[in-house]
Amino acid sequence: EVQLVESGGGSVQAGGSLRLSCTASGFTFDDPDMGWYRQAPGNEREGVAHISTASQTKYYSDSVKGRFTISRDSAKNTLYLQMNDLNVEDTAVYYCARGPAGTWSDSSWKDATRYDYWGQGTQVTVSS
């Protein structure tokens with residue numbers, strides 16, 4: 001059974017940092033691409049970052065570029081999202097997702113329907 005479990009969310013003041021983790025099981029972690037998405041109340045789920053197999057390619061949304069870093073550790077079957085210089089607009093539930101093997105591009109990774117498994121989400125709250 002495929003499982004994705006996020007952790008590391010919490011409350012932080014603007015300008016602070018958090019590192020999210022997503023522990024994967026039930027599949028070969030090296031095989032698929034992986035992504036981070038977020039959803040704020042009243043908003044659609046939006047792509048935050050995406051990483052290819054072997055970390056060869058990384059994509060970021062414009063709103064987080066330069067502040068967030070996505071990475072993966074195959075030895076630990078874990079996906080990470082390092083978030084620095086957080087602001088109130090980053091407040092959301094953050095989800096990790098598995099992207100099946102295939103061709104991904106700087107536009108296709110933002111299509112949430114392309115991901116086949118999702119975690120339950122972890123809340124990030126940034127206060128001013």
# chains A, B, ... in the order shown; residues from 1 in each chain; ligands from 1
$ residues_around --residues "Gly8 in chain A" --least-positions-apart "6" --cutoff "8 Å" --atoms "only C-alpha atoms" --output "NGL selection string"
:A and (18-21 or 122)
$ select_by_dssp --residues "range 75-115 of chain A" --states "helix (DSSP H, G or I)" --output "ChimeraX atom specification"
/A:75-76,88-90,108-110,112-114
$ select_by_dssp --residues "chain A" --states "strand (DSSP E or B)" --output "PyMOL selection string"
chain A and resi 3-7+10-13+18-25+33-39+46-51+58-60+68-73+78-83+92-99+117-118+122-127
$ closest_residue --among "A:Asp33, A:Asp85, A:Asp62, A:Glu1" --to "Pro100 in chain A" --atoms "only C-alpha atoms"
A:Asp33
$ atom_distance --atom1 "CA of Val64 in chain A" --atom2 "CA of Gly47 in chain A"
10.2 Å
$ residues_around --residues "Arg98 in chain A" --least-positions-apart "6" --cutoff "9 Å" --atoms "only C-alpha atoms" --output "list in words"
Leu4, Pro32, Asp33, Met34, Gly35, Arg114, Tyr115, Asp116, Tyr117, Trp118 and Gly119 of chain A
$ write_last_selection --atoms "N, CA, C and O atoms" --output "PDB file, in the first residue's frame"
ATOM      1  N   LEU A   4       2.041   8.167   2.024  1.00  0.00           N
ATOM      2  CA  LEU A   4       2.833   9.374   2.124  1.00  0.00           C
ATOM      3  C   LEU A   4       2.407  10.090   3.400  1.00  0.00           C
ATOM      4  O   LEU A   4       1.215  10.386   3.563  1.00  0.00           O
ATOM      5  N   PRO A  32       9.616   7.408  -8.881  1.00  0.00           N
ATOM      6  CA  PRO A  32       8.765   8.479  -9.382  1.00  0.00           C
ATOM      7  C   PRO A  32       9.304   9.872  -9.096  1.00  0.00           C
ATOM      8  O   PRO A  32      10.161  10.069  -8.242  1.00  0.00           O
ATOM      9  N   ASP A  33       8.790  10.846  -9.824  1.00  0.00           N
ATOM     10  CA  ASP A  33       8.940  12.234  -9.433  1.00  0.00           C
ATOM     11  C   ASP A  33       8.074  12.475  -8.193  1.00  0.00           C
ATOM     12  O   ASP A  33       7.153  11.702  -7.910  1.00  0.00           O
ATOM     13  N   MET A  34       8.369  13.557  -7.491  1.00  0.00           N
ATOM     14  CA  MET A  34       7.596  13.895  -6.290  1.00  0.00           C
ATOM     15  C   MET A  34       7.326  15.394  -6.284  1.00  0.00           C
ATOM     16  O   MET A  34       8.093  16.184  -6.861  1.00  0.00           O
ATOM     17  N   GLY A  35       6.246  15.775  -5.621  1.00  0.00           N
ATOM     18  CA  GLY A  35       5.906  17.189  -5.575  1.00  0.00           C
ATOM     19  C   GLY A  35       5.353  17.615  -4.234  1.00  0.00           C
ATOM     20  O   GLY A  35       4.915  16.782  -3.432  1.00  0.00           O
ATOM     21  N   ARG A 114      -2.085  15.050 -12.348  1.00  0.00           N
ATOM     22  CA  ARG A 114      -1.045  14.144 -12.835  1.00  0.00           C
ATOM     23  C   ARG A 114      -0.423  13.315 -11.710  1.00  0.00           C
ATOM     24  O   ARG A 114       0.276  12.362 -11.963  1.00  0.00           O
ATOM     25  N   TYR A 115      -0.685  13.708 -10.461  1.00  0.00           N
ATOM     26  CA  TYR A 115      -0.113  12.986  -9.327  1.00  0.00           C
ATOM     27  C   TYR A 115      -1.105  11.912  -8.884  1.00  0.00           C
ATOM     28  O   TYR A 115      -2.316  12.149  -8.854  1.00  0.00           O
ATOM     29  N   ASP A 116      -0.589  10.735  -8.521  1.00  0.00           N
ATOM     30  CA  ASP A 116      -1.512   9.633  -8.262  1.00  0.00           C
ATOM     31  C   ASP A 116      -1.715   9.307  -6.792  1.00  0.00           C
ATOM     32  O   ASP A 116      -2.711   8.659  -6.439  1.00  0.00           O
ATOM     33  N   TYR A 117      -0.823   9.717  -5.926  1.00  0.00           N
ATOM     34  CA  TYR A 117      -1.012   9.504  -4.493  1.00  0.00           C
ATOM     35  C   TYR A 117      -0.651  10.774  -3.732  1.00  0.00           C
ATOM     36  O   TYR A 117       0.301  11.476  -4.107  1.00  0.00           O
ATOM     37  N   TRP A 118      -1.411  11.014  -2.663  1.00  0.00           N
ATOM     38  CA  TRP A 118      -1.260  12.218  -1.860  1.00  0.00           C
ATOM     39  C   TRP A 118      -1.183  11.872  -0.387  1.00  0.00           C
ATOM     40  O   TRP A 118      -1.802  10.901   0.073  1.00  0.00           O
ATOM     41  N   GLY A 119      -0.432  12.697   0.347  1.00  0.00           N
ATOM     42  CA  GLY A 119      -0.446  12.580   1.790  1.00  0.00           C
ATOM     43  C   GLY A 119      -1.660  13.268   2.374  1.00  0.00           C
ATOM     44  O   GLY A 119      -2.483  13.842   1.651  1.00  0.00           O
TER      45      GLY A 119
END
$ closest_residue --among "A:Val2, A:Ala24, A:Ala112, A:Val124" --to "Val93 in chain A" --atoms "only C-alpha atoms"
A:Val124
$ closest_residue --among "A:Tyr94, A:Trp104, A:Phe27, A:Trp36" --to "Ser71 in chain A" --atoms "only C-alpha atoms"
A:Trp36
$ atom_distance --atom1 "CA of Arg38 in chain A" --atom2 "CA of Gly102 in chain A"
22.6 Å
$ closest_residue --among "A:Thr53, A:Ser17, A:Ser127, A:Asn43" --to "Asp73 in chain A" --atoms "only C-alpha atoms"
A:Thr53
